[in-house]
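Asker: entry_32.cif is reproduced in full below (mmCIF, C-alpha atoms and all ligand atoms).
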```
data_work
loop_
_atom_site.label_atom_id
_atom_site.label_comp_id
_atom_site.auth_asym_id
_atom_site.auth_seq_id
_atom_site.Cartn_x
_atom_site.Cartn_y
_atom_site.Cartn_z
CA MET A 1185 192.55 139.81 -101.68
CA LYS A 1186 192.13 138.00 -98.38
CA THR A 1187 189.79 140.71 -97.08
CA LEU A 1188 187.76 140.61 -100.29
CA LEU A 1189 187.34 136.85 -99.96
CA ALA A 1190 186.38 137.21 -96.30
CA SER A 1191 183.74 139.82 -97.16
CA ILE A 1192 182.26 137.56 -99.80
CA VAL A 1193 182.05 134.67 -97.35
CA VAL A 1194 180.37 136.90 -94.76
CA ALA A 1195 177.96 138.34 -97.34
CA VAL A 1196 176.91 134.89 -98.54
CA GLY A 1197 176.42 133.76 -94.94
CA VAL A 1198 174.22 136.74 -94.14
CA LEU A 1199 172.16 136.31 -97.31
CA GLY A 1200 171.79 132.60 -96.66
CA SER A 1201 170.47 132.96 -93.12
CA GLY A 1202 168.26 135.87 -94.18
CA ALA A 1203 166.57 133.65 -96.75
CA ALA A 1204 166.01 130.89 -94.18
CA ILE A 1205 164.32 133.31 -91.79
CA ALA A 1206 162.19 134.73 -94.60
CA SER A 1207 161.01 131.22 -95.47
CA ALA A 1208 160.05 130.40 -91.87
CA ASP A 1209 158.04 133.62 -91.78
CA LEU A 1210 156.57 132.88 -95.19
CA ALA A 1211 155.59 129.39 -94.08
CA ASN A 1212 153.92 130.64 -90.92
CA ALA A 1213 152.11 133.41 -92.76
CA ASN A 1214 150.85 131.24 -95.60
CA CYS A 1215 150.61 127.72 -94.17
CA GLY A 1216 150.58 128.28 -90.40
CA LYS A 1217 146.79 128.19 -90.18
CA CYS A 1218 146.92 124.46 -90.95
CA HIS A 1219 150.55 123.38 -90.48
CA GLU A 1220 152.98 123.65 -87.56
CA MET A 1221 156.60 122.63 -87.00
CA ASP A 1222 156.12 119.43 -85.00
CA LYS A 1223 152.42 119.06 -84.28
CA LYS A 1224 149.66 117.90 -86.57
CA LYS A 1225 147.07 120.61 -87.10
CA LYS A 1226 144.63 120.43 -90.01
CA GLY A 1227 147.56 119.21 -92.07
CA PRO A 1228 150.68 117.23 -91.11
CA SER A 1229 153.63 118.92 -89.33
CA TYR A 1230 156.51 120.38 -91.33
CA LYS A 1231 158.75 117.71 -89.81
CA ALA A 1232 156.42 114.94 -90.96
CA ILE A 1233 156.29 116.44 -94.44
CA ALA A 1234 160.09 116.75 -94.49
CA ALA A 1235 160.49 113.10 -93.48
CA LYS A 1236 157.97 111.88 -96.04
CA TYR A 1237 159.27 113.95 -98.96
CA LYS A 1238 163.01 113.95 -98.17
CA GLY A 1239 164.83 114.46 -101.48
CA ARG A 1240 161.55 114.66 -103.42
CA GLU A 1241 160.92 118.38 -103.66
CA ALA A 1242 158.89 118.07 -106.86
CA ASP A 1243 156.51 115.55 -105.24
CA ALA A 1244 156.14 117.76 -102.17
CA LEU A 1245 155.29 120.70 -104.42
CA LYS A 1246 152.64 118.61 -106.17
CA ALA A 1247 151.20 117.51 -102.81
CA ALA A 1248 150.94 121.19 -101.82
CA ASP A 1249 149.13 122.21 -105.01
CA PRO A 1250 145.67 123.66 -104.28
CA LYS A 1251 144.72 122.92 -107.89
CA ALA A 1252 145.16 119.22 -107.08
CA ASP A 1253 144.18 117.61 -103.74
CA HIS A 1254 145.54 120.18 -101.31
CA PRO A 1255 143.11 122.58 -99.56
CA GLU A 1256 142.90 126.10 -100.95
CA PHE A 1257 145.41 128.78 -99.90
CA LYS A 1258 146.61 132.07 -101.26
CA ALA A 1259 150.34 132.18 -101.84
CA LYS A 1260 152.44 133.05 -104.85
CA ASP A 1261 153.98 130.08 -106.70
CA GLU A 1262 157.49 131.39 -106.04
CA ASP A 1263 156.72 131.68 -102.31
CA VAL A 1264 155.31 128.15 -102.20
CA ARG A 1265 158.51 126.89 -103.83
CA ALA A 1266 160.63 128.69 -101.23
CA ILE A 1267 158.43 127.41 -98.40
CA VAL A 1268 158.50 123.80 -99.60
CA LYS A 1269 162.30 123.98 -99.87
CA TRP A 1270 162.39 125.31 -96.31
CA ILE A 1271 159.96 122.64 -95.02
CA LEU A 1272 162.05 119.85 -96.53
CA ALA A 1273 165.09 121.20 -94.68
CA GLN A 1274 163.36 120.77 -91.28
C1 LIG B 1 143.44 125.50 -95.13
C2 LIG B 1 144.43 124.65 -94.48
C3 LIG B 1 145.79 124.49 -95.12
C4 LIG B 1 146.67 125.47 -95.53
C5 LIG B 1 146.50 126.99 -95.47
C6 LIG B 1 147.85 124.78 -96.00
N1 LIG B 1 147.69 123.42 -95.90
FE1 LIG B 1 148.99 121.98 -96.51
N2 LIG B 1 147.68 120.53 -95.99
C7 LIG B 1 146.44 120.76 -95.37
C8 LIG B 1 145.79 119.47 -95.15
C9 LIG B 1 144.41 119.28 -94.51
C10 LIG B 1 146.67 118.49 -95.65
C11 LIG B 1 146.45 117.00 -95.69
C12 LIG B 1 145.78 116.71 -97.01
C13 LIG B 1 145.58 115.25 -97.24
O1 LIG B 1 146.00 114.44 -96.44
O2 LIG B 1 144.99 114.95 -98.30
C14 LIG B 1 147.84 119.18 -96.17
C15 LIG B 1 148.92 118.56 -96.76
C16 LIG B 1 150.05 119.19 -97.22
C17 LIG B 1 151.17 118.54 -97.86
C18 LIG B 1 151.27 117.04 -98.17
C19 LIG B 1 151.56 116.25 -96.94
C20 LIG B 1 151.57 114.77 -97.22
O3 LIG B 1 151.73 114.03 -96.25
O4 LIG B 1 151.45 114.35 -98.36
C21 LIG B 1 152.09 119.49 -98.13
C22 LIG B 1 153.45 119.30 -98.79
C23 LIG B 1 151.53 120.75 -97.71
N3 LIG B 1 150.30 120.54 -97.16
C24 LIG B 1 152.17 121.96 -97.83
C25 LIG B 1 151.56 123.19 -97.56
C26 LIG B 1 152.19 124.46 -97.80
C27 LIG B 1 153.59 124.65 -98.36
C28 LIG B 1 151.30 125.42 -97.44
C29 LIG B 1 151.45 126.92 -97.51
C30 LIG B 1 151.87 127.49 -98.78
C31 LIG B 1 150.10 124.76 -96.96
N4 LIG B 1 150.31 123.40 -97.04
C32 LIG B 1 148.97 125.42 -96.51
C33 LIG B 1 145.90 121.97 -95.03
C34 LIG B 1 146.44 123.22 -95.35
#
```
Please express what this file holds, its structure, as structure tokens.
Ligand code: HEC
Answerer:
Amino acid sequence: MKTLLASIVVAVGVLGSGAAIASADLANANCGKCHEMDKKKKGPSYKAIAAKYKGREADALKAADPKADHPEFKAKDEDVRAIVKWILAQ
């Protein structure tokens, strides 16, 4: 039983960090042309976005919507959701 529990904990840890890395890659691939971690490019830095939208994921998603005021980009909705979650954790 103890080993089973330990394996579950390890598995969850591995999955969790895997997802975080995937989101950083996703962010760079889809948003990196205009956003960077801690420097303003065409758009504000991820850190600035995280500070502004802390605890307001829905608002951040709206602000990143190319159908509203945000510049055009090609990314799947589900990817944008994952990226915004990742940005807000920076
Ligand atoms: C073609 C350039 C470009 C790409 C690609 C891009 N952005 Fe932006 N983004 C901008 C600009 C420019 C602004 C500032 C818009 C403004 O101030 O009205 C911005 C603003 C934002 C904001 C709101 C910041 C604020 O202070 O309100 C969020 C959130 C955001 N982007 C997320 C994303 C995400 C997530 C992606 C990738 C899926 C992405 N952006 C891709 C140019 C881009």
Asker: Using all atoms listed in the file, find each residue in segment 1236-1264 of chain A having at least one atom no more than 10 Å away from segment 1226-1231 of chain A; report its shortest atom-to-atom pair and that distance in Å (one decimal), rows by chain then rising number, as JSON lines.
Answerer:
```
{"residue": "A:Lys1236", "atom": "CA", "partner": "A:Lys1231", "partner_atom": "CA", "distance": 8.6}
{"residue": "A:Tyr1237", "atom": "CA", "partner": "A:Lys1231", "partner_atom": "CA", "distance": 9.9}
{"residue": "A:His1254", "atom": "CA", "partner": "A:Gly1227", "partner_atom": "CA", "distance": 9.5}
{"residue": "A:Pro1255", "atom": "CA", "partner": "A:Gly1227", "partner_atom": "CA", "distance": 9.3}
```
Asker: Kindly work out which residues sit at most 9 Å from ligand LIG 1 (chain B), using only C-alpha atoms and all ligand atoms, and give the list as number ranges by chain.
Answerer: A: 1210-1219, 1225-1230, 1232-1234, 1236-1237, 1241, 1243-1250, 1253-1261, 1263-1269, 1271-1272
Asker: Would you mind reading off the distance between atom CA of Gln1274 of chain A and atom CA of Met1221 of chain A, one decimal, in Å?
Answerer: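 One can read the atom CA of Gln1274 of chain A to atom CA of Met1221 of chain A distance as 8.2 Å.
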Asker: Work out how far atom CA of Lys1251 of chain A is from atom CA of Asp1222 of chain A, in Å to one decimal.
Answerer: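 Atom CA of Lys1251 of chain A lies at a distance of 25.8 Å from atom CA of Asp1222 of chain A.
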Asker: With distances taken over all atoms listed in the file, which of A:Lys1223, A:Glu1262, A:Gly1239, A:Trp1270 is nearest to Ile1205 of chain A?
Answerer: A:Trp1270
